[in-house]
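A.B. asks: Got a structure for you, upload15.cif, holding mmCIF, C-alpha atoms and all ligand atoms.
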```cif
data_model
#
loop_
_atom_site.label_atom_id
_atom_site.label_comp_id
_atom_site.auth_asym_id
_atom_site.auth_seq_id
_atom_site.Cartn_x
_atom_site.Cartn_y
_atom_site.Cartn_z
CA MET A 1 196.01 13.71 56.11
CA THR A 2 192.28 14.00 56.79
CA ASN A 3 190.21 15.16 53.86
CA PRO A 4 188.65 18.48 54.97
CA ASN A 5 185.71 17.86 52.61
CA PHE A 6 184.88 14.53 54.16
CA GLU A 7 181.74 14.67 56.19
CA PHE A 8 180.91 11.77 58.49
CA LYS A 9 177.38 10.48 58.05
CA PRO A 10 175.56 8.11 60.38
CA ALA A 11 175.11 4.61 58.97
CA SER A 12 171.38 5.06 58.53
CA ASP A 13 172.01 7.83 55.95
CA PHE A 14 173.63 5.31 53.65
CA ILE A 15 170.55 3.13 53.51
CA ARG A 16 169.02 3.42 50.08
CA GLU A 17 165.28 2.95 49.92
CA ASP A 18 165.60 0.45 47.08
CA ALA A 19 168.28 -1.63 48.81
CA PRO A 20 168.31 -1.02 52.54
CA GLU A 21 170.95 -2.53 54.73
CA ARG A 22 169.20 -5.58 56.12
CA TYR A 23 169.69 -8.92 57.76
CA ILE A 24 167.23 -11.78 57.56
CA TYR A 25 167.79 -14.91 59.61
CA ASN A 26 167.87 -17.93 57.37
CA MET A 27 165.38 -20.24 58.97
CA ALA A 28 165.25 -22.79 56.19
CA SER A 29 168.95 -23.60 56.47
CA ASP A 30 168.46 -24.62 60.09
CA LYS A 31 165.54 -26.90 59.19
CA HIS A 32 163.05 -25.20 61.43
CA GLU A 33 159.44 -26.22 61.00
CA ILE A 34 157.65 -23.33 59.33
CA ALA A 35 154.02 -22.70 60.29
CA ILE A 36 153.29 -19.94 57.79
CA SER A 37 155.35 -17.94 55.31
CA THR A 38 154.92 -15.03 52.95
CA HIS A 39 156.52 -14.67 49.54
CA ASP A 40 156.75 -11.37 47.66
CA LEU A 41 153.94 -10.01 49.78
CA GLN A 42 152.96 -6.52 48.69
CA VAL A 43 150.08 -4.64 50.24
CA SER A 44 148.64 -1.34 48.99
CA TYR A 45 145.88 0.82 50.38
CA GLY A 46 144.83 2.67 47.23
CA ASP A 47 148.04 4.29 45.93
CA ASN A 48 149.88 3.83 49.20
CA LEU A 49 152.24 0.86 49.03
CA ALA A 50 152.25 -0.02 52.73
CA LEU A 51 154.30 -3.18 52.42
CA SER A 52 156.67 -3.28 49.50
CA GLU A 53 158.60 -6.46 50.15
CA GLY A 54 157.71 -9.22 52.48
CA ASP A 55 159.39 -12.62 52.53
CA LEU A 56 158.91 -13.94 56.02
CA GLU A 57 158.88 -17.36 57.61
CA PHE A 58 157.34 -17.97 61.02
CA GLU A 59 158.52 -20.97 63.00
CA ARG A 60 155.95 -23.35 64.47
CA TYR A 61 155.45 -23.27 68.26
CA LYS A 62 157.43 -20.07 68.67
CA ILE A 63 156.48 -16.50 69.43
CA THR A 64 157.53 -13.97 66.81
CA SER A 65 157.25 -10.25 67.54
CA LEU A 66 156.79 -7.67 64.82
CA ILE A 67 158.28 -4.34 65.92
CA GLY A 68 158.84 -0.95 64.26
CA ALA A 69 157.65 2.63 64.27
CA SER A 70 154.04 3.57 63.72
CA GLY A 71 153.05 3.10 60.08
CA SER A 72 155.97 0.78 59.27
CA GLY A 73 153.65 -2.02 58.11
CA LYS A 74 153.49 -4.43 61.07
CA SER A 75 149.71 -4.62 61.34
CA THR A 76 149.47 -4.73 57.57
CA VAL A 77 151.47 -7.97 57.55
CA LEU A 78 149.63 -9.41 60.53
CA ARG A 79 146.20 -8.64 59.11
CA SER A 80 147.16 -10.04 55.72
CA LEU A 81 148.08 -13.38 57.31
CA ASN A 82 144.43 -14.22 57.88
CA ARG A 83 142.96 -12.08 55.11
CA MET A 84 141.64 -9.31 57.35
CA ASN A 85 142.82 -6.81 54.73
CA ASP A 86 140.71 -8.23 51.91
CA ASP A 87 138.17 -5.42 51.88
CA VAL A 88 140.52 -2.49 52.43
CA ALA A 89 143.74 -3.32 50.60
CA THR A 90 145.21 -5.00 47.54
CA VAL A 91 147.30 -7.91 48.75
CA ASN A 92 149.65 -9.46 46.19
CA GLY A 93 152.01 -12.36 46.69
CA GLN A 94 151.75 -15.73 48.35
CA ILE A 95 150.88 -16.65 51.91
CA MET A 96 151.75 -20.32 52.32
CA TYR A 97 150.04 -22.31 55.06
CA ARG A 98 150.26 -26.10 55.10
CA GLY A 99 151.28 -26.16 51.47
CA VAL A 100 148.35 -24.00 50.36
CA ASP A 101 148.50 -20.40 49.18
CA ILE A 102 145.76 -18.89 51.32
CA ASN A 103 145.95 -15.61 49.42
CA THR A 104 143.88 -16.94 46.53
CA LYS A 105 140.24 -16.45 45.65
CA ASN A 106 139.13 -20.07 46.06
CA ILE A 107 140.04 -20.21 49.76
CA ASP A 108 137.16 -20.41 52.25
CA VAL A 109 138.25 -17.47 54.37
CA TYR A 110 136.03 -18.36 57.33
CA GLU A 111 137.38 -21.90 57.43
CA MET A 112 140.95 -20.59 57.11
CA ARG A 113 140.37 -18.27 60.07
CA ARG A 114 139.54 -21.25 62.25
CA HIS A 115 143.17 -22.24 61.74
CA ILE A 116 144.61 -18.73 61.91
CA GLY A 117 142.90 -16.75 64.66
CA MET A 118 143.25 -13.06 65.49
CA VAL A 119 143.12 -11.08 68.73
CA PHE A 120 142.91 -7.30 68.52
CA GLN A 121 144.30 -4.42 70.55
CA ARG A 122 141.18 -3.62 72.54
CA PRO A 123 139.46 -6.52 74.25
CA ASN A 124 136.21 -6.94 72.32
CA PRO A 125 134.01 -9.46 74.13
CA PHE A 126 130.48 -9.80 72.77
CA ALA A 127 127.63 -8.48 74.93
CA LYS A 128 126.87 -12.04 75.96
CA SER A 129 127.72 -14.32 78.84
CA ILE A 130 131.28 -15.58 79.30
CA TYR A 131 130.08 -19.03 78.22
CA ASP A 132 128.31 -17.76 75.10
CA ASN A 133 131.30 -15.67 74.07
CA ILE A 134 133.28 -18.85 73.71
CA THR A 135 130.62 -21.03 72.13
CA PHE A 136 129.05 -18.46 69.79
CA ALA A 137 131.23 -19.03 66.71
CA LEU A 138 131.13 -22.81 67.21
CA THR A 139 127.35 -23.02 67.37
CA GLN A 140 127.01 -20.82 64.28
CA ARG A 141 128.85 -23.28 62.09
CA GLY A 142 128.55 -26.70 63.67
CA ASN A 143 126.51 -29.09 65.80
CA TYR A 144 127.85 -29.62 69.26
CA THR A 145 126.29 -31.31 72.26
CA LYS A 146 126.07 -29.40 75.55
CA GLU A 147 128.77 -31.70 76.97
CA GLN A 148 131.11 -30.94 74.08
CA LEU A 149 130.55 -27.21 74.47
CA ASP A 150 131.09 -27.41 78.24
CA GLU A 151 134.36 -29.17 77.62
CA ILE A 152 135.55 -26.65 75.03
CA VAL A 153 134.63 -23.74 77.33
CA GLU A 154 136.58 -25.25 80.21
CA THR A 155 139.62 -26.18 78.12
CA SER A 156 139.92 -22.85 76.36
CA LEU A 157 139.41 -20.85 79.55
CA LYS A 158 142.09 -22.96 81.24
CA GLN A 159 144.47 -22.43 78.33
CA ALA A 160 143.89 -18.70 78.56
CA ALA A 161 144.52 -18.83 82.35
CA LEU A 162 141.04 -17.51 83.15
CA TRP A 163 139.17 -20.63 84.27
CA ASP A 164 139.91 -20.32 87.98
CA GLN A 165 138.63 -16.76 88.07
CA VAL A 166 135.37 -17.29 86.18
CA LYS A 167 134.39 -20.96 86.53
CA ASP A 168 131.60 -20.17 89.01
CA GLU A 169 130.12 -17.34 86.98
CA LEU A 170 130.10 -18.50 83.39
CA ASN A 171 126.65 -16.99 82.87
CA LYS A 172 127.82 -13.55 83.95
CA SER A 173 128.07 -10.89 81.23
CA ALA A 174 131.52 -10.74 79.67
CA LEU A 175 131.20 -6.96 79.74
CA ALA A 176 131.63 -7.09 83.53
CA LEU A 177 135.16 -8.51 83.27
CA SER A 178 138.25 -6.39 83.89
CA GLY A 179 140.37 -5.38 80.86
CA GLY A 180 142.93 -8.13 81.44
CA GLN A 181 140.24 -10.75 82.03
CA ALA A 182 138.34 -9.59 78.94
CA GLN A 183 141.46 -9.87 76.80
CA ARG A 184 142.09 -13.39 78.11
CA LEU A 185 138.45 -14.23 77.36
CA VAL A 186 138.99 -13.04 73.80
CA ILE A 187 142.09 -15.24 73.61
CA ALA A 188 140.01 -18.17 74.97
CA ARG A 189 137.37 -17.41 72.34
CA ALA A 190 140.01 -17.63 69.61
CA LEU A 191 141.41 -20.86 71.13
CA ALA A 192 137.95 -22.48 71.20
CA LEU A 193 138.17 -22.74 67.42
CA LYS A 194 141.37 -24.79 67.90
CA PRO A 195 143.57 -22.63 65.69
CA ASP A 196 147.12 -23.48 64.70
CA ILE A 197 148.30 -19.92 64.61
CA LEU A 198 147.34 -17.01 66.82
CA LEU A 199 147.84 -13.48 65.51
CA LEU A 200 147.79 -10.72 68.13
CA ASP A 201 147.78 -7.00 67.33
CA GLU A 202 149.12 -5.15 70.39
CA PRO A 203 147.02 -7.35 72.69
CA SER A 204 148.10 -5.70 75.91
CA SER A 205 148.61 -2.07 74.93
CA ALA A 206 145.21 -1.11 76.36
CA LEU A 207 145.85 -2.95 79.62
CA ASP A 208 147.39 -2.00 82.97
CA PRO A 209 150.81 -3.53 83.77
CA ILE A 210 149.40 -6.36 85.89
CA SER A 211 146.84 -7.42 83.28
CA SER A 212 149.49 -7.04 80.60
CA ALA A 213 151.82 -9.36 82.53
CA GLN A 214 148.99 -11.89 82.85
CA VAL A 215 148.43 -11.84 79.09
CA GLU A 216 152.18 -12.27 78.52
CA ASP A 217 152.27 -15.27 80.88
CA THR A 218 149.32 -16.74 79.02
CA LEU A 219 151.09 -16.37 75.68
CA ILE A 220 154.26 -18.02 76.97
CA GLU A 221 152.14 -20.97 78.19
CA LEU A 222 150.34 -21.20 74.86
CA LYS A 223 153.37 -21.44 72.64
CA ASN A 224 153.75 -25.15 73.42
CA GLN A 225 150.68 -25.72 71.30
CA TYR A 226 150.33 -22.67 69.08
CA THR A 227 152.39 -20.57 66.75
CA ILE A 228 152.08 -16.98 67.93
CA ILE A 229 152.77 -13.81 65.94
CA ILE A 230 152.40 -10.57 67.84
CA VAL A 231 152.64 -6.88 66.94
CA THR A 232 153.97 -4.88 69.84
CA HIS A 233 155.29 -1.40 70.55
CA ASN A 234 156.58 -2.57 73.88
CA MET A 235 160.24 -3.48 73.48
CA GLN A 236 160.41 -5.10 76.91
CA GLN A 237 157.46 -7.25 76.00
CA ALA A 238 159.04 -8.34 72.72
CA ALA A 239 162.30 -9.12 74.53
CA ARG A 240 160.50 -11.01 77.32
CA ILE A 241 158.16 -13.24 75.40
CA SER A 242 159.33 -13.75 71.84
CA ASP A 243 161.75 -16.20 70.29
CA TYR A 244 162.12 -14.21 67.07
CA THR A 245 161.73 -10.52 66.30
CA ALA A 246 161.21 -8.83 62.94
CA PHE A 247 161.97 -5.12 62.71
CA PHE A 248 159.96 -3.16 60.13
CA HIS A 249 160.77 0.22 58.62
CA LEU A 250 158.85 2.00 55.85
CA GLY A 251 157.06 -1.15 54.74
CA LYS A 252 160.14 -3.37 54.64
CA VAL A 253 161.58 -5.98 56.94
CA ILE A 254 164.97 -4.57 57.86
CA GLU A 255 166.13 -7.18 60.34
CA TYR A 256 164.69 -10.52 61.37
CA ASP A 257 166.56 -12.66 63.84
CA LEU A 258 166.48 -14.45 67.16
CA THR A 259 165.06 -12.00 69.70
CA ARG A 260 168.12 -12.15 71.93
CA LYS A 261 170.30 -11.13 68.98
CA ILE A 262 168.01 -8.28 67.95
CA PHE A 263 168.09 -6.86 71.48
CA THR A 264 171.75 -7.48 72.27
CA ARG A 265 173.66 -7.45 68.97
CA PRO A 266 171.50 -6.13 66.12
CA LYS A 267 173.29 -6.37 62.80
CA VAL A 268 171.67 -3.32 61.20
CA ALA A 269 172.29 0.22 62.46
CA LEU A 270 168.66 1.22 61.99
CA THR A 271 167.47 -1.62 64.25
CA ASN A 272 169.87 -0.46 66.91
CA ASP A 273 168.56 3.11 66.58
CA TYR A 274 164.99 1.90 66.99
CA ILE A 275 165.44 -0.40 69.95
CA SER A 276 167.55 2.18 71.75
CA GLY A 277 164.81 4.76 71.26
CA ASN A 278 166.66 7.03 68.81
CA PHE A 279 163.74 7.26 66.45
CA GLY A 280 160.08 6.33 66.13
N1 LIG B 1 142.78 0.67 56.47
C1 LIG B 1 143.73 1.45 55.95
N2 LIG B 1 143.45 2.31 54.95
C2 LIG B 1 144.41 3.09 54.40
N3 LIG B 1 145.70 3.09 54.78
C3 LIG B 1 146.05 2.26 55.78
C4 LIG B 1 145.09 1.40 56.41
N4 LIG B 1 145.74 0.68 57.36
C5 LIG B 1 147.04 1.07 57.32
N5 LIG B 1 147.22 2.01 56.37
C6 LIG B 1 148.51 2.65 56.03
O1 LIG B 1 149.48 1.64 55.79
C7 LIG B 1 150.74 1.99 56.34
C8 LIG B 1 151.18 0.91 57.32
O2 LIG B 1 150.23 0.88 58.37
P1 LIG B 1 150.23 -0.25 59.48
O3 LIG B 1 148.97 -0.08 60.28
O4 LIG B 1 150.49 -1.56 58.88
O5 LIG B 1 151.50 0.17 60.34
P2 LIG B 1 151.92 -0.30 61.77
O6 LIG B 1 153.39 -0.48 61.71
O7 LIG B 1 151.12 -1.46 62.21
O8 LIG B 1 151.56 0.99 62.63
P3 LIG B 1 150.99 1.11 64.13
O9 LIG B 1 152.13 0.71 64.98
O10 LIG B 1 150.67 2.56 64.26
O11 LIG B 1 149.79 0.22 64.24
C9 LIG B 1 150.56 3.36 56.95
O12 LIG B 1 150.97 4.31 56.02
C10 LIG B 1 149.06 3.45 57.19
O13 LIG B 1 148.63 4.79 57.14
#
```
Turn this file's structure into C-alpha cells for me.
C.D. replies:
Amino acid sequence: MTNPNFEFKPASDFIREDAPERYIYNMASDKHEIAISTHDLQVSYGDNLALSEGDLEFERYKITSLIGASGSGKSTVLRSLNRMNDDVATVNGQIMYRGVDINTKNIDVYEMRRHIGMVFQRPNPFAKSIYDNITFALTQRGNYTKEQLDEIVETSLKQAALWDQVKDELNKSALALSGGQAQRLVIARALALKPDILLLDEPSSALDPISSAQVEDTLIELKNQYTIIIVTHNMQQAARISDYTAFFHLGKVIEYDLTRKIFTRPKVALTNDYISGNFG
C-alpha cells in the first residue's frame, strides 16, 4: 500500500550542498594529455566563497565549455587560470601548467600570460591601427624586425580568419571594424603572443548571429594548435564547438563530461534541468 505521508521530491531537492550529486569524467584514466589543471581551487571575493571546490583537468587541443547559471563561478575559474583575479580575489589551491604551479608568488605573471591568453566578452581593440593592435604587446617586451612583425601579423590574422578581409587596410583604425571582425582581431592579438591556451569569456555574446558563427568557426579551426577554454551561456554554441563541457552550480562543478554526453545523456538531474532550461 502507498504510504500517504510519502511526498515525492524532485531529484534536485536531494542534493546536499556539502555533497552534491555529481559526475566528473576521469580524464587521467584515459591517458589524455592535460594542458592545465586545477587542484583544490578555492576563490573568495571578500567573504563570498565564489568557488568552493575546483578539481578540473583540461585536455590539450580540445575545446572545453564552462556552462551554468549566472553567478555559478564559471568566469571565476576562467579568470583564475591566468591570474586575472589576483587583485580582486583570494585564490587558493594549485593551478598546474607544464609541471609548474602558476598560482604561486614567484611566477612572472606577464610571462605566464603569453602562454595562457584571454579574450573577453566585448571586443576591446586598442585605439590603434589593425597592425599595431597585433604588434603592440610584442614590441613592448621584445626586439623584433619589421619583417618578423609583418610575418606575425599575417599569420595571426590568418589564424583568426580575418586576413582576407583586412590585408589591404592594415593601417586602418581597429575601431572601424565590425563587432565580429573586432573580436577576431582581439583573438589574433592574443594569438600573436603564441599562447598554448586560449581562455575566452563569452566571446560572442555581444555579437550578431553571423559574427558569432564566424568566431565559432575560427575557434574550431584553432583547436588543432591551441587548447581552448570558453565560458558560454549559449547552449547551442557549447554543443556545437566543444569537446568537453563542465556544468557549474553554486561555485561547484556538478558534471564534467564529453559534450555529447552532457547534452544527450547527462548523469546528474541538475545538469538536465539546466540544459533543458528549467532553471537559471
Ligand atoms: N570582482 C568581483 N567582486 C566581487 N564578487 C565577485 C566578483 N566577480 C564575481 N563575483 C561573485 O562571484 C560569484 C561567481 O561569479 P562569476 O562571475 O564567476 O559567475 P559566472 O558563472 O561567470 O556568472 P556570469 O555568467 O553572470 O558571468 C558571484 O556571486 C559573483 O557575484
A.B. asks: Measuring between all atoms listed in the file, which one of A:Ile67, A:Ile116, A:Leu250, A:Leu81 shows the shortest distance to Ile95 (chain A)?
C.D. replies: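 That would be A:Leu81, the residue with the smallest distance to Ile95 (chain A).
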A.B. asks: Around (142.2, -17.5, 81.3) in the file's frame, which residues reach within 9 Å when counting all atoms listed in the file? Return as a PyMOL selection string?
C.D. replies: chain A and resi 156-166+181+183-185+187-188+214-215+218
A.B. asks: Find the residues around region 60-62 of chain A up to 7 Å (only C-alpha atoms counted), leave out those fewer than 6 positions away in its own chain, and share them as an mmCIF file with C-alpha atoms, keeping the file's coordinate frame.
C.D. replies:
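Full text of around.cif as output:
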```
data_model
loop_
_atom_site.group_PDB
_atom_site.id
_atom_site.type_symbol
_atom_site.label_atom_id
_atom_site.label_comp_id
_atom_site.auth_asym_id
_atom_site.auth_seq_id
_atom_site.Cartn_x
_atom_site.Cartn_y
_atom_site.Cartn_z
ATOM 1 C CA GLU A 33 159.440 -26.220 61.000
ATOM 2 C CA ILE A 34 157.650 -23.330 59.330
ATOM 3 C CA ALA A 35 154.020 -22.700 60.290
ATOM 4 C CA LYS A 223 153.370 -21.440 72.640
ATOM 5 C CA ASN A 224 153.750 -25.150 73.420
ATOM 6 C CA GLN A 225 150.680 -25.720 71.300
ATOM 7 C CA TYR A 226 150.330 -22.670 69.080
ATOM 8 C CA THR A 227 152.390 -20.570 66.750
ATOM 9 C CA ILE A 228 152.080 -16.980 67.930
ATOM 10 C CA ASP A 243 161.750 -16.200 70.290
#
```
A.B. asks: Any idea what the distance is between CA of Val91 (chain A) and CA of Val186 (chain A)?
C.D. replies: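 Taking CA of Val91 (chain A) and CA of Val186 (chain A), their separation equals 26.9 Å.
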A.B. asks: Tell me, counting only C-alpha atoms and all ligand atoms, for each residue of chain A within 9 Å of ligand LIG 1 (chain B), which pair of atoms is nearest and how far apart they are in Å to one decimal, in rows ordered by chain and increasing number, as a Markdown table.
C.D. replies:
```
| residue | atom | partner | partner_atom | distance |
| --- | --- | --- | --- | --- |
| A:Val43 | CA | B:LIG1 | O1 | 8.4 |
| A:Ser44 | CA | B:LIG1 | O1 | 7.5 |
| A:Tyr45 | CA | B:LIG1 | C2 | 4.8 |
| A:Gly46 | CA | B:LIG1 | C2 | 7.2 |
| A:Asn48 | CA | B:LIG1 | O12 | 6.9 |
| A:Leu49 | CA | B:LIG1 | O1 | 7.3 |
| A:Ala50 | CA | B:LIG1 | C7 | 4.4 |
| A:Leu51 | CA | B:LIG1 | C8 | 7.1 |
| A:Leu66 | CA | B:LIG1 | O6 | 8.5 |
| A:Ile67 | CA | B:LIG1 | O6 | 7.5 |
| A:Gly68 | CA | B:LIG1 | O6 | 6.0 |
| A:Ala69 | CA | B:LIG1 | O6 | 5.9 |
| A:Ser70 | CA | B:LIG1 | O10 | 3.6 |
| A:Gly71 | CA | B:LIG1 | O5 | 3.3 |
| A:Ser72 | CA | B:LIG1 | O6 | 3.8 |
| A:Gly73 | CA | B:LIG1 | O4 | 3.3 |
| A:Lys74 | CA | B:LIG1 | O7 | 4.0 |
| A:Ser75 | CA | B:LIG1 | O7 | 3.6 |
| A:Thr76 | CA | B:LIG1 | O4 | 3.6 |
| A:Val77 | CA | B:LIG1 | O4 | 6.6 |
| A:Leu78 | CA | B:LIG1 | O4 | 8.1 |
| A:Arg79 | CA | B:LIG1 | O4 | 8.3 |
| A:Asn85 | CA | B:LIG1 | N1 | 7.7 |
| A:Asp87 | CA | B:LIG1 | N1 | 8.9 |
| A:Val88 | CA | B:LIG1 | N1 | 5.6 |
| A:Ala89 | CA | B:LIG1 | N2 | 7.1 |
| A:Asp201 | CA | B:LIG1 | O11 | 8.1 |
| A:Glu202 | CA | B:LIG1 | O11 | 8.2 |
| A:Val231 | CA | B:LIG1 | O7 | 7.4 |
| A:Thr232 | CA | B:LIG1 | O9 | 7.6 |
| A:His233 | CA | B:LIG1 | O9 | 6.7 |
| A:Phe248 | CA | B:LIG1 | O6 | 7.3 |
| A:His249 | CA | B:LIG1 | O6 | 8.0 |
| A:Leu250 | CA | B:LIG1 | C8 | 7.9 |
| A:Gly251 | CA | B:LIG1 | C8 | 6.7 |
```
A.B. asks: At what distance in Å, to one decimal, does CA of Phe58 (chain A) lie from CA of Asp30 (chain A)?
C.D. replies: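 Distance reported for this atom pair: 13.0 Å.
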A.B. asks: I'd like the neighbourhood of Gln94 (chain A) as a list of chain:residue names, where a residue qualifies if any of its atoms comes within 6 Å (using all atoms listed in the file), though same-chain residues fewer than 5 positions away should be ignored.
C.D. replies: A:Thr38, A:His39, A:Asp101, A:Asn103
A.B. asks: By how many Å are CA of Glu216 (chain A) and CA of Ile241 (chain A) apart?
C.D. replies: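 Taking CA of Glu216 (chain A) and CA of Ile241 (chain A), their separation equals 6.8 Å.
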